[in-house]
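Scroll down for the structure; my scribbles are underneath it.
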Amino acid sequence: MTALRNVPEELPVLPVRDTVLFPGAVMPLPVGRESSLALLDSLEGQEKLLGVVAQLDPRVEAPTGSDLHGVGTLAKVHKMVRMPNGNVVAFLEGLQRIRVQEVIGLKPFLRARVNSEPDTEDQRDAELTALERNVQELFREVVARSPQLSDDLQTEAMNIDSASRLADFVAATLPSLNTMVRQELLETFNVRKRLETLVGELTKEKEVLQLRNKIHEQVQEQVSQSQREFLLREQMKAIQKELGESDDGQSEVEELRKKVEESGMSAEAKKECERELKRLSKMTPASAEYMVSRTYLEWMTALPWSKTSATSEQEIDIAKAQTILDEDHYDLEKVKQRLLDYLAVKKIQPGMKGPILCFVGPPGVGKTSLGQSIARATGRKFVRISLGGMHDEAEIRGHRRTYIGALPGQIIQGIRRAETMDPVLMLDEVDKLGRDFRGDPSAALMEVLDPQQNSTFRDHYLDVPFDLSKVLFVMTANWLDPIPEPLCDRMEIIELPGYTEVDKVQIANRFLIPRQAKEHGLKLGEQIEFTEEALHDLIHHYTREAGVRNLEREIATLVRKQARRMAEGKTDKLVVTSDVVREVLGVPKFRLEQEVEERVQKPGVSVGLVWTPVGGDIVFIEASKMRGGKQFTMTGHLGEVMQESMRAALTWVRANSDRYGIDADFFRKYDLHIHVPSGAIPKDGPSAGIAMVTALVSLLTGRPVRPRVAMTGEISLTGVVLPIGGVKEKVLGAKRAGIREVILPSENEPNVKEDLPADVLQDVQIHFVRSVDQVLEIALGKFEEPVRQPKSGSRGEDRPFTSPLH
């Protein structure tokens, strides 16, 4: 056993990160903490003793006693060197193990009460001697195989006669041991157990080094083989040259050079290709760089640098284009007229750059299929690129050739698939672009969609300009909010609102039913037929959407029913009526008319109108009161703007309570709660303001809202009804829900006259209002004049309120 020296009862403690100091080891230790620097500055006398203890968590900046391991090392400071950055490097020698009993001070540095811990070394026997020699032999083999360890360490280990010192020397020297294993060895006072642990760790390190050396030898053999093959191939080239023969590599280069000449690419692109051809001719086909250059040249020669569609500008037939658009889509007059205007200008001015169109509308209204119709009408190729979920800028601009497996971006890949430089390129679902640490694809699209810049679009993979100015870009989106403003500024927005019931019936008869009958192998008119009544029933009770996607799905279900009947041997024609619809599809899925009437029978419930990315819809506003006072609760997953609108509604009702027979102190006597059902769906916006006022007044007066009346409009504190957006979608949503009367702000009257078709206005009565008084009169009926009259000289708030726009 090693003789122990006297250890002071109290010692300054130096906490260290990811470091364990063993007895007998000398270690340079960088010190930078203020407390640690203060500790070193305080050391006086010749001994300069301190305790070195490892932290449990190296991330803790100001450790306390609970942050330290229980066992450390008594150390002596031999030398301190101050660095230019203010830190100090202390050269410490480990003397012996100590156990921390108690931390007695934290400032200006840690101080602890410690005691020495001697090693427990069993009586020296043959087993201990064998363990000691085993450790020495394993350590010698590890040092011989490891490039990090000096050969002198073998001699030092062999000359150590103490088992305890040998164990500490190996543990301090072996670089593969992690901090936890080192600390475990420091805390192991039994020398025999310490040697057994080291035997296991040295054996693992020996196996790792053997495997490393084996891999290194294999790599060396492969490199030597590659060099040998290269020399042989060079000799073969020389022999073939003497014999007048040409190898396959040179023939590929000549073939690629011919394609470059015939491609019609720009001068800059041709110069880049010639540079790559020169490099390629000097490479061996077996090298990895050869395939990279060859793939690049194949991409460059495959692009349509000067090839355009077969239809020239002078051959554009405006009447034929209009016929094609009418064949493929019903209604959508704004889109069709805009496209025909573009074709007419293109015919007169061939050099005109293509527009950037963006179709915005709910799902199922025909945005994607409209792009295919545009391609047919213009005689161009059609390419669709889905942007949904794309979150890497390289998907648009491509990867640089330095990456393994690099490819051009989706734009250039689409141009290659089209095989012309002027296709109709549809970028679908642009509002669903992602964004993360890899970049922002929407920012990369700004150059692509800018007519002033896209004539020199530079893909990262190609690294030469490519002209996109002749491409007709068509974007689609369900709504504009997620699209960045600079990107929206580059696009011409064309809104595609939802279809009316008449539109859906026409679309079903012209497109959906014939297509489904053809896909299922039935003859329309001979084997299956749909009545108008059945189509109205489908639209009213089995679908609730702005588009026609679900309608087509239900029609397909009915067509499959007839296909099954025919497969079973029934050859009679199936006439689809309302009874057949209910027999096949079951109980109606939507009964909004009954729901609206039932919900508004009780006071405190009003019907609002909302806009969603999938079309307009109705929403119920429910108000309730309970005994309490001055507490106003708002629930339903509401946004900040909608909550502010609710507070404004409550303020208006309190300010005008006497005009409607409401107790002026109702807010002191009752707690109020406004809830908007479907709480899992986020809701926001100010357009439900008048619906909230109506619900509150209905609750406090006991008057239920008239059935089948819905409303939308923002309110001000003075009772003015302000205009809102999405009028057409909201009115169509109200009609689908069976609403018969709709209350709108008067400033939205031009939107109704311009956007809503006459058949909708025949079924829904529109009330245009300027003030909340008009809203309440329509929704709740007329109120009697207030009994209490303002006294002479009374304050303004006692007078009945009259809106300036009433």
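Order determines the names: the first chain of the structure tokens is A, the second B, and so forth; residues in each chain are numbered 1 upward, and ligands are numbered 1 upward as they are shown.
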Q.
Show me, as JSON, numbers by chain, the residues that have an atom within 8 Å of Val505 of chain A when counting only C-alpha atoms, minus same-chain residues fewer than 4 positions from it.
A. {"A": [501, 509, 532, 535, 536]}
Q: as a ChimeraX atom specification, list the residues of segment 585-792 of chain A assigned to strand (DSSP E or B) by DSSP on the backbone atoms of this structure.
A: /A:605-612,615-627,632-635,638,670-675,683,709-711,714-715,720-722,741-745,765-769,771
Q) Between atom CA of Asp57 of chain A and atom CA of Val77 of chain A, what is the distance, to one decimal in Å? A) 24.7 Å
Q: Mind the document's chain letters and residue numbers, and return as a ChimeraX atom specification the residues of segment 366-503 of chain A that DSSP labels alpha helix (DSSP H).
A: /A:367-378,394-397,410-418,441-448,485-489,501-503
(Q) Neighbouring residues of Ile513 of chain A were defined as those with any atom within 12 Å, considering only C-alpha atoms; residues of the same chain fewer than 3 positions away were excluded. Please report them as number ranges by chain. (A) A: 504-510, 516-520, 522-525, 528-531, 535, 548, 551-560, 576
Residues at most 9 Å from Val471 of chain A, counting only C-alpha atoms, excluding those fewer than 3 positions away in the same chain, as a JSON list (two decimals) with all heavy atoms, in the first residue's frame?
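Saved result, part04.json, follows:
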[["chain", "number", "residue", "atom", "x", "y", "z"],
["A", 353, "LYS", "N", -44.13, 38.46, -72.83],
["A", 353, "LYS", "CA", -43.79, 37.46, -71.81],
["A", 353, "LYS", "C", -45.07, 36.87, -71.21],
["A", 353, "LYS", "O", -46.09, 37.54, -71.10],
["A", 353, "LYS", "CB", -42.93, 38.08, -70.71],
["A", 353, "LYS", "CG", -41.57, 38.55, -71.22],
["A", 353, "LYS", "CD", -40.73, 39.14, -70.11],
["A", 353, "LYS", "CE", -39.37, 39.57, -70.65],
["A", 353, "LYS", "NZ", -38.52, 40.15, -69.59],
["A", 354, "GLY", "N", -44.97, 35.60, -70.78],
["A", 354, "GLY", "CA", -46.13, 34.91, -70.24],
["A", 354, "GLY", "C", -46.56, 35.48, -68.90],
["A", 354, "GLY", "O", -45.73, 35.89, -68.09],
["A", 355, "PRO", "N", -47.87, 35.51, -68.60],
["A", 355, "PRO", "CA", -48.34, 36.01, -67.30],
["A", 355, "PRO", "C", -48.11, 34.96, -66.22],
["A", 355, "PRO", "O", -47.89, 33.78, -66.49],
["A", 355, "PRO", "CB", -49.83, 36.24, -67.54],
["A", 355, "PRO", "CG", -50.20, 35.22, -68.57],
["A", 355, "PRO", "CD", -48.98, 35.06, -69.46],
["A", 415, "ILE", "N", -39.23, 21.31, -67.12],
["A", 415, "ILE", "CA", -38.94, 21.75, -68.49],
["A", 415, "ILE", "C", -38.41, 20.59, -69.32],
["A", 415, "ILE", "O", -38.78, 20.41, -70.49],
["A", 415, "ILE", "CB", -37.91, 22.91, -68.47],
["A", 415, "ILE", "CG1", -38.48, 24.13, -67.74],
["A", 415, "ILE", "CG2", -37.48, 23.28, -69.88],
["A", 415, "ILE", "CD1", -39.63, 24.80, -68.44],
["A", 421, "MET", "N", -39.55, 24.71, -74.33],
["A", 421, "MET", "CA", -39.21, 25.78, -73.40],
["A", 421, "MET", "C", -40.38, 26.70, -73.11],
["A", 421, "MET", "O", -40.22, 27.71, -72.41],
["A", 421, "MET", "CB", -38.04, 26.60, -73.96],
["A", 421, "MET", "CG", -38.34, 27.33, -75.25],
["A", 421, "MET", "SD", -36.91, 28.22, -75.90],
["A", 421, "MET", "CE", -36.49, 29.29, -74.54],
["A", 422, "ASP", "N", -41.58, 26.37, -73.63],
["A", 422, "ASP", "CA", -42.75, 27.21, -73.37],
["A", 422, "ASP", "C", -43.96, 26.38, -72.95],
["A", 422, "ASP", "O", -45.05, 26.54, -73.49],
["A", 422, "ASP", "CB", -43.10, 28.05, -74.61],
["A", 422, "ASP", "CG", -43.41, 27.18, -75.82],
["A", 422, "ASP", "OD1", -43.11, 25.96, -75.79],
["A", 422, "ASP", "OD2", -43.99, 27.71, -76.79],
["A", 423, "PRO", "N", -43.82, 25.47, -71.99],
["A", 423, "PRO", "CA", -45.00, 24.70, -71.57],
["A", 423, "PRO", "C", -45.89, 25.50, -70.63],
["A", 423, "PRO", "O", -45.56, 26.62, -70.23],
["A", 423, "PRO", "CB", -44.37, 23.52, -70.82],
["A", 423, "PRO", "CG", -43.15, 24.11, -70.20],
["A", 423, "PRO", "CD", -42.63, 25.12, -71.21],
["A", 424, "VAL", "N", -47.04, 24.93, -70.30],
["A", 424, "VAL", "CA", -47.86, 25.44, -69.20],
["A", 424, "VAL", "C", -47.38, 24.71, -67.95],
["A", 424, "VAL", "O", -47.56, 23.50, -67.81],
["A", 424, "VAL", "CB", -49.36, 25.17, -69.44],
["A", 424, "VAL", "CG1", -50.16, 25.61, -68.21],
["A", 424, "VAL", "CG2", -49.83, 25.92, -70.67],
["A", 425, "LEU", "N", -46.72, 25.45, -67.06],
["A", 425, "LEU", "CA", -46.12, 24.86, -65.87],
["A", 425, "LEU", "C", -46.99, 25.21, -64.67],
["A", 425, "LEU", "O", -47.05, 26.37, -64.25],
["A", 425, "LEU", "CB", -44.70, 25.39, -65.67],
["A", 425, "LEU", "CG", -43.85, 24.69, -64.61],
["A", 425, "LEU", "CD1", -43.68, 23.22, -64.94],
["A", 425, "LEU", "CD2", -42.49, 25.35, -64.51],
["A", 467, "ASP", "N", -33.68, 30.37, -69.97],
["A", 467, "ASP", "CA", -34.77, 31.32, -70.22],
["A", 467, "ASP", "C", -36.12, 30.69, -69.86],
["A", 467, "ASP", "O", -36.55, 29.72, -70.48],
["A", 467, "ASP", "CB", -34.77, 31.71, -71.70],
["A", 467, "ASP", "CG", -35.76, 32.83, -71.99],
["A", 467, "ASP", "OD1", -36.37, 33.34, -71.02],
["A", 467, "ASP", "OD2", -35.91, 33.20, -73.17],
["A", 468, "LEU", "N", -36.76, 31.25, -68.82],
["A", 468, "LEU", "CA", -38.11, 30.79, -68.42],
["A", 468, "LEU", "C", -39.19, 31.80, -68.80],
["A", 468, "LEU", "O", -40.34, 31.63, -68.42],
["A", 468, "LEU", "CB", -38.15, 30.56, -66.91],
["A", 468, "LEU", "CG", -37.24, 29.48, -66.31],
["A", 468, "LEU", "CD1", -37.40, 29.45, -64.80],
["A", 468, "LEU", "CD2", -37.54, 28.12, -66.91]]
Q.
Please list as an MDAnalysis selection string every residue within 8 Å of segment 609-618 of chain A, counting only C-alpha atoms and excluding residues in the same chain fewer than 5 positions away.
A. chainID A and resid 361:363 478:479 497:498 545:546 687:688 710:712 726 729:734 737
May I have the selected residues written with N, CA, C and O atoms, as a PDB file, in the first residue's frame?
ATOM      1  N   GLY A 361     -58.954  29.385 -54.581  1.00  0.00           N
ATOM      2  CA  GLY A 361     -60.321  28.964 -54.335  1.00  0.00           C
ATOM      3  C   GLY A 361     -60.377  27.703 -53.502  1.00  0.00           C
ATOM      4  O   GLY A 361     -59.350  27.059 -53.231  1.00  0.00           O
ATOM      5  N   PRO A 362     -61.570  27.303 -53.070  1.00  0.00           N
ATOM      6  CA  PRO A 362     -61.718  26.105 -52.232  1.00  0.00           C
ATOM      7  C   PRO A 362     -61.359  24.842 -53.010  1.00  0.00           C
ATOM      8  O   PRO A 362     -61.267  24.851 -54.242  1.00  0.00           O
ATOM      9  N   PRO A 363     -61.159  23.719 -52.317  1.00  0.00           N
ATOM     10  CA  PRO A 363     -60.878  22.456 -53.013  1.00  0.00           C
ATOM     11  C   PRO A 363     -62.062  22.019 -53.865  1.00  0.00           C
ATOM     12  O   PRO A 363     -63.220  22.220 -53.498  1.00  0.00           O
ATOM     13  N   ASN A 478     -55.432  27.383 -51.973  1.00  0.00           N
ATOM     14  CA  ASN A 478     -56.740  27.420 -51.337  1.00  0.00           C
ATOM     15  C   ASN A 478     -57.004  28.772 -50.688  1.00  0.00           C
ATOM     16  O   ASN A 478     -58.151  29.211 -50.618  1.00  0.00           O
ATOM     17  N   TRP A 479     -55.952  29.419 -50.184  1.00  0.00           N
ATOM     18  CA  TRP A 479     -56.109  30.776 -49.645  1.00  0.00           C
ATOM     19  C   TRP A 479     -54.775  31.482 -49.682  1.00  0.00           C
ATOM     20  O   TRP A 479     -53.727  30.855 -49.811  1.00  0.00           O
ATOM     21  N   PRO A 497     -64.540  31.280 -56.743  1.00  0.00           N
ATOM     22  CA  PRO A 497     -65.421  31.020 -55.595  1.00  0.00           C
ATOM     23  C   PRO A 497     -66.141  29.685 -55.752  1.00  0.00           C
ATOM     24  O   PRO A 497     -66.032  29.013 -56.787  1.00  0.00           O
ATOM     25  N   GLY A 498     -66.866  29.307 -54.726  1.00  0.00           N
ATOM     26  CA  GLY A 498     -67.615  28.057 -54.778  1.00  0.00           C
ATOM     27  C   GLY A 498     -68.755  28.111 -55.782  1.00  0.00           C
ATOM     28  O   GLY A 498     -69.190  29.167 -56.228  1.00  0.00           O
ATOM     29  N   GLU A 545     -70.083  21.342 -49.523  1.00  0.00           N
ATOM     30  CA  GLU A 545     -68.776  21.783 -49.993  1.00  0.00           C
ATOM     31  C   GLU A 545     -68.949  22.904 -51.003  1.00  0.00           C
ATOM     32  O   GLU A 545     -70.027  23.089 -51.580  1.00  0.00           O
ATOM     33  N   ALA A 546     -67.855  23.632 -51.227  1.00  0.00           N
ATOM     34  CA  ALA A 546     -67.876  24.696 -52.233  1.00  0.00           C
ATOM     35  C   ALA A 546     -67.632  24.131 -53.626  1.00  0.00           C
ATOM     36  O   ALA A 546     -68.115  24.668 -54.613  1.00  0.00           O
ATOM     37  N   SER A 687     -65.703  39.705 -38.317  1.00  0.00           N
ATOM     38  CA  SER A 687     -66.953  39.771 -39.080  1.00  0.00           C
ATOM     39  C   SER A 687     -68.150  39.196 -38.337  1.00  0.00           C
ATOM     40  O   SER A 687     -69.266  39.286 -38.837  1.00  0.00           O
ATOM     41  N   ALA A 688     -67.962  38.572 -37.180  1.00  0.00           N
ATOM     42  CA  ALA A 688     -69.097  38.044 -36.421  1.00  0.00           C
ATOM     43  C   ALA A 688     -69.610  39.052 -35.394  1.00  0.00           C
ATOM     44  O   ALA A 688     -70.371  38.686 -34.498  1.00  0.00           O
ATOM     45  N   ALA A 710     -79.354  34.627 -40.913  1.00  0.00           N
ATOM     46  CA  ALA A 710     -77.919  34.630 -40.614  1.00  0.00           C
ATOM     47  C   ALA A 710     -77.363  36.012 -40.918  1.00  0.00           C
ATOM     48  O   ALA A 710     -77.961  36.794 -41.680  1.00  0.00           O
ATOM     49  N   MET A 711     -76.211  36.319 -40.332  1.00  0.00           N
ATOM     50  CA  MET A 711     -75.688  37.683 -40.471  1.00  0.00           C
ATOM     51  C   MET A 711     -74.179  37.673 -40.418  1.00  0.00           C
ATOM     52  O   MET A 711     -73.556  36.752 -39.868  1.00  0.00           O
ATOM     53  N   THR A 712     -73.581  38.715 -40.978  1.00  0.00           N
ATOM     54  CA  THR A 712     -72.146  38.921 -40.891  1.00  0.00           C
ATOM     55  C   THR A 712     -71.858  40.402 -41.034  1.00  0.00           C
ATOM     56  O   THR A 712     -72.488  41.091 -41.842  1.00  0.00           O
ATOM     57  N   GLY A 726     -65.228  38.234 -48.475  1.00  0.00           N
ATOM     58  CA  GLY A 726     -65.748  36.886 -48.728  1.00  0.00           C
ATOM     59  C   GLY A 726     -67.256  36.830 -48.815  1.00  0.00           C
ATOM     60  O   GLY A 726     -67.872  35.846 -48.380  1.00  0.00           O
ATOM     61  N   GLU A 729     -68.757  33.756 -50.959  1.00  0.00           N
ATOM     62  CA  GLU A 729     -68.599  32.466 -50.294  1.00  0.00           C
ATOM     63  C   GLU A 729     -69.542  32.349 -49.100  1.00  0.00           C
ATOM     64  O   GLU A 729     -70.139  31.292 -48.859  1.00  0.00           O
ATOM     65  N   LYS A 730     -69.708  33.445 -48.342  1.00  0.00           N
ATOM     66  CA  LYS A 730     -70.566  33.390 -47.155  1.00  0.00           C
ATOM     67  C   LYS A 730     -72.034  33.217 -47.532  1.00  0.00           C
ATOM     68  O   LYS A 730     -72.761  32.446 -46.904  1.00  0.00           O
ATOM     69  N   VAL A 731     -72.477  33.941 -48.565  1.00  0.00           N
ATOM     70  CA  VAL A 731     -73.883  33.820 -48.976  1.00  0.00           C
ATOM     71  C   VAL A 731     -74.151  32.426 -49.540  1.00  0.00           C
ATOM     72  O   VAL A 731     -75.205  31.817 -49.271  1.00  0.00           O
ATOM     73  N   LEU A 732     -73.203  31.878 -50.315  1.00  0.00           N
ATOM     74  CA  LEU A 732     -73.383  30.516 -50.826  1.00  0.00           C
ATOM     75  C   LEU A 732     -73.401  29.512 -49.687  1.00  0.00           C
ATOM     76  O   LEU A 732     -74.164  28.537 -49.708  1.00  0.00           O
ATOM     77  N   GLY A 733     -72.548  29.716 -48.671  1.00  0.00           N
ATOM     78  CA  GLY A 733     -72.572  28.840 -47.505  1.00  0.00           C
ATOM     79  C   GLY A 733     -73.901  28.921 -46.773  1.00  0.00           C
ATOM     80  O   GLY A 733     -74.419  27.911 -46.285  1.00  0.00           O
ATOM     81  N   ALA A 734     -74.476  30.137 -46.675  1.00  0.00           N
ATOM     82  CA  ALA A 734     -75.781  30.303 -46.038  1.00  0.00           C
ATOM     83  C   ALA A 734     -76.870  29.575 -46.824  1.00  0.00           C
ATOM     84  O   ALA A 734     -77.742  28.911 -46.248  1.00  0.00           O
ATOM     85  N   ALA A 737     -76.858  25.936 -46.219  1.00  0.00           N
ATOM     86  CA  ALA A 737     -77.366  25.591 -44.894  1.00  0.00           C
ATOM     87  C   ALA A 737     -78.865  25.846 -44.757  1.00  0.00           C
ATOM     88  O   ALA A 737     -79.418  25.671 -43.668  1.00  0.00           O
TER      89      ALA A 737
END
**Q.** Distance query Asn454 of chain A at most 10 Å, only C-alpha atoms, self and fewer than 4 positions along chain excluded, as a VMD selection string
**A.** chain A and resid 445 to 450 458 465 to 471
Non-local contacts of Pro108 of chain A (9 Å; only C-alpha atoms; under 3 positions in same chain excluded) as a JSON list (two decimals) with C-alpha atoms, in the first residue's frame:
[["chain", "number", "residue", "atom", "x", "y", "z"],
["A", 34, "GLU", "CA", -13.89, 33.57, -11.78],
["A", 35, "SER", "CA", -14.29, 31.41, -8.67],
["A", 36, "SER", "CA", -11.57, 29.00, -9.85],
["A", 38, "ALA", "CA", -9.85, 33.30, -7.19],
["A", 39, "LEU", "CA", -9.04, 29.88, -5.69],
["A", 105, "GLY", "CA", -18.41, 27.61, 1.70]]
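Closest approach to Gln148 of chain A among A:Val88, A:Leu487, A:Leu174, A:Leu43: A:Leu174, based on only C-alpha atoms.
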Find the residues of segment 567-639 of chain A that sit at most 12 Å from segment 767-782 of chain A; for each, write down the nearest two atoms and how far apart they are in Å, to one decimal. Count only C-alpha atoms. Sort by chain, then by number going up, and give it as a Markdown table.
| residue | atom | partner | partner_atom | distance |
| --- | --- | --- | --- | --- |
| A:Val600 | CA | A:Ala779 | CA | 10.9 |
| A:Gln601 | CA | A:Leu780 | CA | 11.8 |
| A:Pro603 | CA | A:Leu780 | CA | 9.9 |
| A:Gly604 | CA | A:Leu780 | CA | 10.9 |
| A:Val605 | CA | A:Ala779 | CA | 11.1 |
| A:Ser606 | CA | A:Ala779 | CA | 8.7 |
| A:Val607 | CA | A:Ala779 | CA | 10.0 |
| A:Gly608 | CA | A:Ala779 | CA | 11.8 |
